[in-house]
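Encoded as structure tokens, the structure appears first; notes follow it.
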Amino acid sequence: MAGGAVRAAARGCGRVLEKGFSLRAARPAASMDSAERLVRGLVPPLTHDKHKGMDGRIGVVGGCQEYTGAPYFAAISALKVGADLSHVFCARDAAPVIKSYSPELIVHPVLDSPQAVGEVDKWLSRLHVLVVGPGLGRDDALLASVKGILEASRERDLPVVIDADGLWLVAQQPGLVHGRRNALLTPNHVEFRRLWEAVLGEPMDSGGDGRAAVQRLSQALGNVTVVRKGEQDVISDGRQVLVCSREGSARRCGGQGDLLSGSLGVLAHWALLAGPEKTHSSSPLLLAALGACALTRQCSRQAFQKHGRATTASDMVAEIGAAFHALFEA
């Protein structure tokens, strides 16, 4: 196992390991003093010469009869971060409910249609990033449709963020993302363990180095970017490792992962547009993930300061604008 040189990132937002635990030679980490400053450089300026859609068209695939909040939180978070348009591709029963949450979202009740893959594929060329999994559930028919959608998005080289039951599908069929360098997986502790055992075929050592584990899983998946959420968020593309330890809150209400996945969709689009001169040759998806993790934690902290134990994901969504400004614009 190779040793690593560690740099402190700004205000506790992360550590960049220049030489991680890779079986390959690790790439140099970002040369700037702060990884968070690099994230700031990815944010496109607001100017009067843009038209609707230029700053992001995000699609969320998920939402069934039982789970309508998760796709809403992901989609509205994408808008609050700065995407211009946010689509939700959901089951028919979920669509009226999701529409009632917000008139801002474009809702497509197609996911449980026999023609679901074709119906979603019509829109893929208009989207910049696809967020797959929030509120998806584990119905076999829905999962079969999502499998087809992931395959169609891969043919179009469309970046994807996969969360929640989208990760359940990946654990059953890792080939859906293997080697897909524009894919990001955002597992929590349980989802990470499930992926580890499915992909590596061995029990995970719960007492081992968490950073090494994330890097190894990324490598086993062909250097897919993995964001392991937890007390500290650990992010790796198999070459570099980032750790986001920004202060959040002790309130673990449902929906925080959906906020992260929607935010990450937008930041991933901006990062991929930015180019190496703004990322300093660091992985754009690593920086996007660092930004989304920091933003989610900042929203949680701000909401908790106001609401304490009563904090919910809706309170966190209300904090996105102020949290984003504090982190990336002030």
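Following the order of the structure tokens, chains are lettered A, B, ..., residues in each are numbered from 1, and ligands are numbered from 1.
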
Could you give me, as CSV, a per-residue list for region 186-295 of chain A showing, wherever an atom lies at most 12 Å from an atom of region 80-89 of chain A, the closest pair of atoms and their distance in Å to one decimal, using only C-alpha atoms and sorting by chain then residue number from low to high?
```
residue,atom,partner,partner_atom,distance
A:Leu259,CA,A:Val81,CA,9.9
A:Leu260,CA,A:Val81,CA,10.5
A:Ser261,CA,A:Val81,CA,11.5
A:Gly262,CA,A:Val81,CA,8.6
A:Ser263,CA,A:Val81,CA,6.2
A:Leu264,CA,A:Val81,CA,9.3
A:Gly265,CA,A:Ala83,CA,9.0
A:Val266,CA,A:Ala83,CA,6.1
A:Leu267,CA,A:Val81,CA,8.3
A:Ala268,CA,A:Ala83,CA,11.2
A:His269,CA,A:Ala83,CA,9.4
A:Trp270,CA,A:Ala83,CA,9.7
A:Gly291,CA,A:Val81,CA,11.0
A:Ala292,CA,A:Val81,CA,9.7
A:Leu295,CA,A:Val81,CA,9.4
```

Could you write out the selected residues, including C-alpha atoms, as a PDB file, in the first residue's frame?
```pdb
ATOM      1  CA  LEU A 259     -30.307  16.909  -1.979  1.00  0.00           C
ATOM      2  CA  LEU A 260     -26.720  15.787  -2.527  1.00  0.00           C
ATOM      3  CA  SER A 261     -27.492  13.811  -5.685  1.00  0.00           C
ATOM      4  CA  GLY A 262     -29.451  16.660  -7.285  1.00  0.00           C
ATOM      5  CA  SER A 263     -26.762  19.193  -6.405  1.00  0.00           C
ATOM      6  CA  LEU A 264     -24.091  16.860  -7.710  1.00  0.00           C
ATOM      7  CA  GLY A 265     -25.855  16.564 -11.040  1.00  0.00           C
ATOM      8  CA  VAL A 266     -25.540  20.299 -11.635  1.00  0.00           C
ATOM      9  CA  LEU A 267     -21.984  20.599 -10.309  1.00  0.00           C
ATOM     10  CA  ALA A 268     -20.894  17.650 -12.446  1.00  0.00           C
ATOM     11  CA  HIS A 269     -22.193  19.406 -15.557  1.00  0.00           C
ATOM     12  CA  TRP A 270     -20.382  22.614 -14.654  1.00  0.00           C
ATOM     13  CA  GLY A 291     -18.642  20.666  -3.773  1.00  0.00           C
ATOM     14  CA  ALA A 292     -21.918  18.747  -3.433  1.00  0.00           C
ATOM     15  CA  LEU A 295     -22.976  22.138   0.192  1.00  0.00           C
TER      16      LEU A 295
END
```

Practice item. Would you kindly return, as a PyMOL selection string, each protein, DNA or RNA residue with an atom no farther than 9 Å from any atom of Thr186 (chain A), considering only C-alpha atoms and excluding same-chain residues fewer than 2 positions away? Key: chain A and resi 161-164+167+184+188+191-192+225-229+257+260-261

Hey, can you spit out that residue selection with all heavy atoms as a CSV table (one decimal), in the first residue's frame?
```csv
chain,number,residue,atom,x,y,z
A,161,VAL,N,-25.5,10.3,-12.2
A,161,VAL,CA,-25.3,10.2,-10.8
A,161,VAL,C,-26.3,9.1,-10.3
A,161,VAL,O,-27.4,9.2,-10.6
A,161,VAL,CB,-25.6,11.5,-10.1
A,161,VAL,CG1,-25.5,11.4,-8.6
A,161,VAL,CG2,-24.7,12.7,-10.6
A,162,ILE,N,-25.8,8.1,-9.6
A,162,ILE,CA,-26.6,7.0,-9.2
A,162,ILE,C,-26.6,6.9,-7.7
A,162,ILE,O,-25.6,6.9,-7.0
A,162,ILE,CB,-26.1,5.7,-9.8
A,162,ILE,CG1,-26.0,5.8,-11.4
A,162,ILE,CG2,-27.0,4.5,-9.4
A,162,ILE,CD1,-25.5,4.5,-12.0
A,163,ASP,N,-27.9,6.9,-7.2
A,163,ASP,CA,-28.1,6.9,-5.7
A,163,ASP,C,-29.2,6.0,-5.4
A,163,ASP,O,-29.9,5.4,-6.3
A,163,ASP,CB,-28.4,8.4,-5.3
A,163,ASP,CG,-28.5,8.5,-3.8
A,163,ASP,OD1,-27.7,7.9,-3.1
A,163,ASP,OD2,-29.3,9.3,-3.3
A,164,ALA,N,-29.4,5.7,-4.1
A,164,ALA,CA,-30.5,5.0,-3.5
A,164,ALA,C,-30.7,3.7,-4.2
A,164,ALA,O,-29.8,2.9,-4.4
A,164,ALA,CB,-31.8,5.9,-3.6
A,167,LEU,N,-28.5,2.3,-6.9
A,167,LEU,CA,-27.3,1.5,-6.4
A,167,LEU,C,-27.7,0.1,-6.2
A,167,LEU,O,-26.8,-0.8,-6.3
A,167,LEU,CB,-26.8,2.2,-5.1
A,167,LEU,CG,-26.2,3.6,-5.3
A,167,LEU,CD1,-25.9,4.2,-3.9
A,167,LEU,CD2,-25.0,3.6,-6.2
A,184,LEU,N,-21.1,8.7,-11.4
A,184,LEU,CA,-20.8,8.9,-10.0
A,184,LEU,C,-21.8,8.1,-9.1
A,184,LEU,O,-23.0,8.2,-9.4
A,184,LEU,CB,-20.9,10.4,-9.6
A,184,LEU,CG,-20.0,11.4,-10.4
A,184,LEU,CD1,-20.9,12.1,-11.4
A,184,LEU,CD2,-19.4,12.4,-9.4
A,188,ASN,N,-24.4,5.3,0.8
A,188,ASN,CA,-24.2,5.4,2.2
A,188,ASN,C,-23.5,4.2,2.8
A,188,ASN,O,-23.1,3.3,2.0
A,188,ASN,CB,-25.6,5.7,3.0
A,188,ASN,CG,-26.6,4.5,2.7
A,188,ASN,OD1,-26.2,3.4,2.5
A,188,ASN,ND2,-27.9,4.9,2.9
A,191,GLU,N,-25.2,0.8,1.6
A,191,GLU,CA,-25.1,0.7,0.2
A,191,GLU,C,-23.7,0.4,-0.3
A,191,GLU,O,-23.5,-0.4,-1.2
A,191,GLU,CB,-25.7,1.9,-0.5
A,191,GLU,CG,-27.2,2.1,-0.3
A,191,GLU,CD,-27.7,3.5,-0.6
A,191,GLU,OE1,-26.9,4.5,-0.6
A,191,GLU,OE2,-28.9,3.7,-0.7
A,192,PHE,N,-22.8,1.1,0.4
A,192,PHE,CA,-21.3,0.8,0.1
A,192,PHE,C,-21.0,-0.6,0.3
A,192,PHE,O,-20.3,-1.3,-0.5
A,192,PHE,CB,-20.4,1.8,0.9
A,192,PHE,CG,-19.0,1.6,0.5
A,192,PHE,CD1,-18.5,2.4,-0.6
A,192,PHE,CD2,-18.1,0.8,1.2
A,192,PHE,CE1,-17.1,2.3,-0.9
A,192,PHE,CE2,-16.8,0.7,0.8
A,192,PHE,CZ,-16.3,1.4,-0.2
A,225,THR,N,-16.3,7.1,-10.3
A,225,THR,CA,-16.2,8.0,-9.1
A,225,THR,C,-17.2,7.5,-8.0
A,225,THR,O,-18.4,7.4,-8.3
A,225,THR,CB,-16.4,9.5,-9.5
A,225,THR,OG1,-15.5,9.9,-10.4
A,225,THR,CG2,-16.3,10.4,-8.2
A,226,VAL,N,-16.7,7.3,-6.9
A,226,VAL,CA,-17.5,6.8,-5.7
A,226,VAL,C,-17.5,7.8,-4.6
A,226,VAL,O,-16.4,8.3,-4.2
A,226,VAL,CB,-17.0,5.4,-5.2
A,226,VAL,CG1,-17.8,5.0,-4.0
A,226,VAL,CG2,-17.0,4.4,-6.3
A,227,VAL,N,-18.6,8.2,-4.1
A,227,VAL,CA,-18.8,9.1,-3.0
A,227,VAL,C,-19.4,8.3,-1.8
A,227,VAL,O,-20.6,8.0,-1.9
A,227,VAL,CB,-19.7,10.3,-3.4
A,227,VAL,CG1,-19.8,11.3,-2.2
A,227,VAL,CG2,-19.2,10.9,-4.7
A,228,ARG,N,-18.6,8.0,-0.9
A,228,ARG,CA,-19.1,7.2,0.3
A,228,ARG,C,-19.5,8.2,1.4
A,228,ARG,O,-18.7,8.9,1.9
A,228,ARG,CB,-18.1,6.3,0.8
A,228,ARG,CG,-18.6,5.5,2.0
A,228,ARG,CD,-17.5,4.5,2.5
A,228,ARG,NE,-18.0,3.8,3.7
A,228,ARG,CZ,-17.3,2.8,4.4
A,228,ARG,NH1,-16.1,2.5,3.9
A,228,ARG,NH2,-17.8,2.2,5.4
A,229,LYS,N,-20.8,8.3,1.6
A,229,LYS,CA,-21.4,9.3,2.6
A,229,LYS,C,-21.2,8.7,4.0
A,229,LYS,O,-21.4,7.5,4.2
A,229,LYS,CB,-22.8,9.6,2.2
A,229,LYS,CG,-23.1,10.2,0.9
A,229,LYS,CD,-24.5,10.3,0.5
A,229,LYS,CE,-25.2,9.0,0.3
A,229,LYS,NZ,-26.6,9.1,-0.3
A,257,GLY,N,-29.5,12.7,1.2
A,257,GLY,CA,-28.9,12.2,0.1
A,257,GLY,C,-29.5,12.6,-1.2
A,257,GLY,O,-28.8,12.7,-2.2
A,260,LEU,N,-28.1,15.9,-2.0
A,260,LEU,CA,-26.7,15.8,-2.5
A,260,LEU,C,-26.7,15.3,-4.0
A,260,LEU,O,-26.0,15.9,-4.8
A,260,LEU,CB,-25.9,14.8,-1.6
A,260,LEU,CG,-24.4,14.7,-1.9
A,260,LEU,CD1,-23.7,14.3,-0.6
A,260,LEU,CD2,-24.1,13.7,-3.0
A,261,SER,N,-27.5,14.3,-4.3
A,261,SER,CA,-27.5,13.8,-5.7
A,261,SER,C,-28.0,14.8,-6.7
A,261,SER,O,-27.4,15.0,-7.8
A,261,SER,CB,-28.3,12.5,-5.8
A,261,SER,OG,-29.7,12.8,-5.6
```

Practice item. Identify, on the basis of only C-alpha atoms, every residue whose closest approach to Val60 (chain A) does not exceed 9 Å; exclude the query and any residue fewer than 3 positions from it along the same chain; express the result as an MDAnalysis selection string. Key: chainID A and resid 63 71:72 74:75 86:90 129:134 262

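Pairwise distance (CA of Leu42 (chain A), CA of Asp315 (chain A)) equals 26.1 Å.
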
**Study point:** Test item, alpha helix (DSSP H) assignment across region 123-215 of chain A, answer as a PyMOL selection string
**Key:** chain A and resi 123-124+140-155+165-172+189-200+210-215

Please dump the current selection as a tab-separated table (two decimals), in the first residue's frame; keep N, CA and C atoms.
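Result went into selection-v4.tsv, see below:
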```tsv
chain	number	residue	atom	x	y	z
A	123	TRP	N	-35.70	12.21	-24.58
A	123	TRP	CA	-35.26	13.42	-23.88
A	123	TRP	C	-33.77	13.45	-23.59
A	124	LEU	N	-33.09	12.33	-23.71
A	124	LEU	CA	-31.70	12.27	-23.26
A	124	LEU	C	-30.80	13.24	-24.01
A	140	ASP	N	-39.59	-4.94	-9.99
A	140	ASP	CA	-38.79	-5.54	-11.06
A	140	ASP	C	-39.00	-4.84	-12.40
A	141	ALA	N	-40.23	-4.45	-12.69
A	141	ALA	CA	-40.51	-3.81	-13.97
A	141	ALA	C	-39.84	-2.44	-14.06
A	142	LEU	N	-39.90	-1.67	-12.95
A	142	LEU	CA	-39.24	-0.36	-12.94
A	142	LEU	C	-37.73	-0.51	-13.07
A	143	LEU	N	-37.17	-1.48	-12.36
A	143	LEU	CA	-35.73	-1.69	-12.44
A	143	LEU	C	-35.30	-2.12	-13.84
A	144	ALA	N	-36.12	-2.91	-14.50
A	144	ALA	CA	-35.80	-3.31	-15.88
A	144	ALA	C	-35.80	-2.09	-16.80
A	145	SER	N	-36.75	-1.18	-16.59
A	145	SER	CA	-36.77	0.04	-17.40
A	145	SER	C	-35.55	0.90	-17.13
A	146	VAL	N	-35.17	1.02	-15.85
A	146	VAL	CA	-34.01	1.84	-15.51
A	146	VAL	C	-32.73	1.23	-16.07
A	147	LYS	N	-32.64	-0.08	-16.09
A	147	LYS	CA	-31.49	-0.73	-16.72
A	147	LYS	C	-31.38	-0.29	-18.18
A	148	GLY	N	-32.50	-0.30	-18.89
A	148	GLY	CA	-32.49	0.12	-20.28
A	148	GLY	C	-32.14	1.60	-20.43
A	149	ILE	N	-32.61	2.42	-19.51
A	149	ILE	CA	-32.31	3.85	-19.55
A	149	ILE	C	-30.82	4.09	-19.32
A	150	LEU	N	-30.23	3.36	-18.36
A	150	LEU	CA	-28.79	3.49	-18.13
A	150	LEU	C	-28.00	3.07	-19.36
A	151	GLU	N	-28.43	2.02	-20.01
A	151	GLU	CA	-27.74	1.58	-21.23
A	151	GLU	C	-27.87	2.62	-22.33
A	152	ALA	N	-29.06	3.21	-22.47
A	152	ALA	CA	-29.26	4.23	-23.49
A	152	ALA	C	-28.43	5.48	-23.18
A	153	SER	N	-28.34	5.84	-21.91
A	153	SER	CA	-27.55	7.02	-21.55
A	153	SER	C	-26.06	6.77	-21.78
A	154	ARG	N	-25.64	5.52	-21.59
A	154	ARG	CA	-24.22	5.21	-21.85
A	154	ARG	C	-23.91	5.33	-23.33
A	155	GLU	N	-24.82	4.92	-24.18
A	155	GLU	CA	-24.60	5.04	-25.62
A	155	GLU	C	-24.46	6.50	-26.03
A	165	ASP	N	-31.97	3.37	-4.70
A	165	ASP	CA	-32.23	2.07	-5.31
A	165	ASP	C	-31.61	1.93	-6.69
A	166	GLY	N	-31.10	3.01	-7.25
A	166	GLY	CA	-30.25	2.87	-8.43
A	166	GLY	C	-28.99	2.11	-8.09
A	167	LEU	N	-28.49	2.29	-6.86
A	167	LEU	CA	-27.32	1.54	-6.40
A	167	LEU	C	-27.65	0.07	-6.15
A	168	TRP	N	-28.89	-0.19	-5.73
A	168	TRP	CA	-29.34	-1.59	-5.59
A	168	TRP	C	-29.24	-2.29	-6.94
A	169	LEU	N	-29.68	-1.61	-8.00
A	169	LEU	CA	-29.61	-2.18	-9.35
A	169	LEU	C	-28.15	-2.40	-9.77
A	170	VAL	N	-27.28	-1.45	-9.48
A	170	VAL	CA	-25.87	-1.59	-9.84
A	170	VAL	C	-25.24	-2.75	-9.09
A	171	ALA	N	-25.64	-2.96	-7.83
A	171	ALA	CA	-25.10	-4.09	-7.07
A	171	ALA	C	-25.50	-5.41	-7.70
A	172	GLN	N	-26.67	-5.47	-8.32
A	172	GLN	CA	-27.09	-6.69	-9.01
A	172	GLN	C	-26.40	-6.84	-10.36
A	189	HIS	N	-23.42	4.04	4.07
A	189	HIS	CA	-22.66	2.93	4.63
A	189	HIS	C	-23.20	1.57	4.19
A	190	VAL	N	-24.50	1.38	4.28
A	190	VAL	CA	-25.11	0.09	3.93
A	190	VAL	C	-24.97	-0.17	2.44
A	191	GLU	N	-25.22	0.85	1.63
A	191	GLU	CA	-25.14	0.69	0.17
A	191	GLU	C	-23.70	0.42	-0.27
A	192	PHE	N	-22.75	1.06	0.41
A	192	PHE	CA	-21.34	0.82	0.07
A	192	PHE	C	-20.96	-0.63	0.35
A	193	ARG	N	-21.36	-1.15	1.51
A	193	ARG	CA	-21.04	-2.52	1.84
A	193	ARG	C	-21.66	-3.49	0.82
A	194	ARG	N	-22.89	-3.21	0.42
A	194	ARG	CA	-23.55	-4.07	-0.57
A	194	ARG	C	-22.79	-4.05	-1.89
A	195	LEU	N	-22.38	-2.87	-2.34
A	195	LEU	CA	-21.61	-2.76	-3.58
A	195	LEU	C	-20.27	-3.48	-3.46
A	196	TRP	N	-19.61	-3.29	-2.33
A	196	TRP	CA	-18.31	-3.92	-2.11
A	196	TRP	C	-18.41	-5.44	-2.26
A	197	GLU	N	-19.37	-6.03	-1.57
A	197	GLU	CA	-19.51	-7.48	-1.59
A	197	GLU	C	-19.92	-7.99	-2.97
A	198	ALA	N	-20.75	-7.20	-3.68
A	198	ALA	CA	-21.18	-7.62	-5.02
A	198	ALA	C	-20.04	-7.52	-6.03
A	199	VAL	N	-19.25	-6.48	-5.94
A	199	VAL	CA	-18.21	-6.23	-6.95
A	199	VAL	C	-16.93	-6.99	-6.64
A	200	LEU	N	-16.53	-7.00	-5.36
A	200	LEU	CA	-15.26	-7.62	-4.99
A	200	LEU	C	-15.40	-9.05	-4.52
A	210	GLY	N	-11.00	3.46	5.59
A	210	GLY	CA	-12.15	3.80	4.74
A	210	GLY	C	-11.75	4.42	3.43
A	211	ARG	N	-10.68	5.21	3.43
A	211	ARG	CA	-10.24	5.83	2.18
A	211	ARG	C	-9.71	4.79	1.20
A	212	ALA	N	-8.97	3.84	1.72
A	212	ALA	CA	-8.46	2.78	0.86
A	212	ALA	C	-9.60	1.95	0.28
A	213	ALA	N	-10.64	1.73	1.09
A	213	ALA	CA	-11.77	0.93	0.62
A	213	ALA	C	-12.51	1.62	-0.52
A	214	VAL	N	-12.72	2.92	-0.40
A	214	VAL	CA	-13.41	3.66	-1.46
A	214	VAL	C	-12.58	3.64	-2.72
A	215	GLN	N	-11.29	3.84	-2.59
A	215	GLN	CA	-10.42	3.83	-3.76
A	215	GLN	C	-10.40	2.45	-4.42
```

**Study point:** Members of region 78-226 of chain A assigned strand (DSSP E or B) by DSSP, as a list in words
**Key:** Leu85, Ser86, His87, Val88, Phe89, Cys90, Ile106, Val107, His108, Pro109, Val129, Leu130, Val131, Val132, Val160, Val161, Ile162, Ala183, Leu184, Leu185, Thr225 and Val226 of chain A

Using only N, CA, C and O atoms, please write the residues we just selected to a file, as an mmCIF file, in the first residue's frame.
```cif
data_model
loop_
_atom_site.group_PDB
_atom_site.id
_atom_site.type_symbol
_atom_site.label_atom_id
_atom_site.label_comp_id
_atom_site.auth_asym_id
_atom_site.auth_seq_id
_atom_site.Cartn_x
_atom_site.Cartn_y
_atom_site.Cartn_z
ATOM 1 N N LEU A 85 -33.336 23.930 -15.895
ATOM 2 C CA LEU A 85 -34.494 23.053 -16.081
ATOM 3 C C LEU A 85 -34.253 21.739 -15.356
ATOM 4 O O LEU A 85 -33.139 21.211 -15.363
ATOM 5 N N SER A 86 -35.311 21.218 -14.750
ATOM 6 C CA SER A 86 -35.199 19.978 -13.994
ATOM 7 C C SER A 86 -36.385 19.082 -14.340
ATOM 8 O O SER A 86 -37.537 19.454 -14.124
ATOM 9 N N HIS A 87 -36.079 17.909 -14.891
ATOM 10 C CA HIS A 87 -37.093 16.937 -15.312
ATOM 11 C C HIS A 87 -37.139 15.781 -14.316
ATOM 12 O O HIS A 87 -36.106 15.375 -13.781
ATOM 13 N N VAL A 88 -38.333 15.226 -14.107
ATOM 14 C CA VAL A 88 -38.489 14.014 -13.309
ATOM 15 C C VAL A 88 -39.201 12.971 -14.160
ATOM 16 O O VAL A 88 -40.302 13.220 -14.666
ATOM 17 N N PHE A 89 -38.579 11.817 -14.328
ATOM 18 C CA PHE A 89 -39.162 10.688 -15.056
ATOM 19 C C PHE A 89 -39.595 9.667 -14.009
ATOM 20 O O PHE A 89 -38.754 8.998 -13.397
ATOM 21 N N CYS A 90 -40.898 9.546 -13.781
ATOM 22 C CA CYS A 90 -41.412 8.766 -12.659
ATOM 23 C C CYS A 90 -42.559 7.860 -13.106
ATOM 24 O O CYS A 90 -42.998 7.904 -14.260
ATOM 25 N N ILE A 106 -40.550 19.695 -14.374
ATOM 26 C CA ILE A 106 -41.162 19.092 -15.565
ATOM 27 C C ILE A 106 -41.282 17.601 -15.288
ATOM 28 O O ILE A 106 -40.264 16.915 -15.127
ATOM 29 N N VAL A 107 -42.496 17.094 -15.206
ATOM 30 C CA VAL A 107 -42.732 15.736 -14.727
ATOM 31 C C VAL A 107 -43.258 14.865 -15.861
ATOM 32 O O VAL A 107 -44.245 15.211 -16.518
ATOM 33 N N HIS A 108 -42.604 13.724 -16.052
ATOM 34 C CA HIS A 108 -42.964 12.784 -17.122
ATOM 35 C C HIS A 108 -43.442 11.470 -16.495
ATOM 36 O O HIS A 108 -42.624 10.719 -15.932
ATOM 37 N N PRO A 109 -44.722 11.144 -16.568
ATOM 38 C CA PRO A 109 -45.250 9.919 -15.939
ATOM 39 C C PRO A 109 -45.083 8.698 -16.834
ATOM 40 O O PRO A 109 -46.047 8.087 -17.282
ATOM 41 N N VAL A 129 -27.119 15.933 -17.577
ATOM 42 C CA VAL A 129 -26.790 14.913 -16.581
ATOM 43 C C VAL A 129 -28.077 14.206 -16.185
ATOM 44 O O VAL A 129 -29.153 14.815 -16.129
ATOM 45 N N LEU A 130 -27.956 12.907 -15.887
ATOM 46 C CA LEU A 130 -29.074 12.102 -15.414
ATOM 47 C C LEU A 130 -28.791 11.660 -13.981
ATOM 48 O O LEU A 130 -27.703 11.160 -13.680
ATOM 49 N N VAL A 131 -29.750 11.885 -13.080
ATOM 50 C CA VAL A 131 -29.662 11.442 -11.688
ATOM 51 C C VAL A 131 -30.619 10.264 -11.536
ATOM 52 O O VAL A 131 -31.831 10.421 -11.706
ATOM 53 N N VAL A 132 -30.086 9.092 -11.228
ATOM 54 C CA VAL A 132 -30.873 7.860 -11.267
ATOM 55 C C VAL A 132 -31.005 7.250 -9.877
ATOM 56 O O VAL A 132 -29.990 7.010 -9.212
ATOM 57 N N VAL A 160 -23.933 10.382 -15.451
ATOM 58 C CA VAL A 160 -24.991 9.921 -14.564
ATOM 59 C C VAL A 160 -24.529 9.961 -13.114
ATOM 60 O O VAL A 160 -23.364 9.692 -12.811
ATOM 61 N N VAL A 161 -25.463 10.318 -12.238
ATOM 62 C CA VAL A 161 -25.288 10.202 -10.798
ATOM 63 C C VAL A 161 -26.250 9.120 -10.338
ATOM 64 O O VAL A 161 -27.446 9.191 -10.643
ATOM 65 N N ILE A 162 -25.757 8.112 -9.624
ATOM 66 C CA ILE A 162 -26.605 6.983 -9.227
ATOM 67 C C ILE A 162 -26.650 6.911 -7.710
ATOM 68 O O ILE A 162 -25.618 6.850 -7.044
ATOM 69 N N ALA A 183 -19.601 8.438 -14.626
ATOM 70 C CA ALA A 183 -20.611 8.002 -13.670
ATOM 71 C C ALA A 183 -20.136 8.291 -12.256
ATOM 72 O O ALA A 183 -18.945 8.167 -11.947
ATOM 73 N N LEU A 184 -21.076 8.682 -11.388
ATOM 74 C CA LEU A 184 -20.789 8.906 -9.975
ATOM 75 C C LEU A 184 -21.768 8.094 -9.148
ATOM 76 O O LEU A 184 -22.985 8.160 -9.374
ATOM 77 N N LEU A 185 -21.260 7.326 -8.201
ATOM 78 C CA LEU A 185 -22.085 6.541 -7.290
ATOM 79 C C LEU A 185 -22.018 7.188 -5.912
ATOM 80 O O LEU A 185 -20.935 7.558 -5.448
ATOM 81 N N THR A 225 -16.306 7.145 -10.294
ATOM 82 C CA THR A 225 -16.182 7.994 -9.111
ATOM 83 C C THR A 225 -17.182 7.536 -8.049
ATOM 84 O O THR A 225 -18.376 7.426 -8.311
ATOM 85 N N VAL A 226 -16.673 7.270 -6.852
ATOM 86 C CA VAL A 226 -17.495 6.776 -5.741
ATOM 87 C C VAL A 226 -17.465 7.806 -4.624
ATOM 88 O O VAL A 226 -16.391 8.272 -4.223
#
```
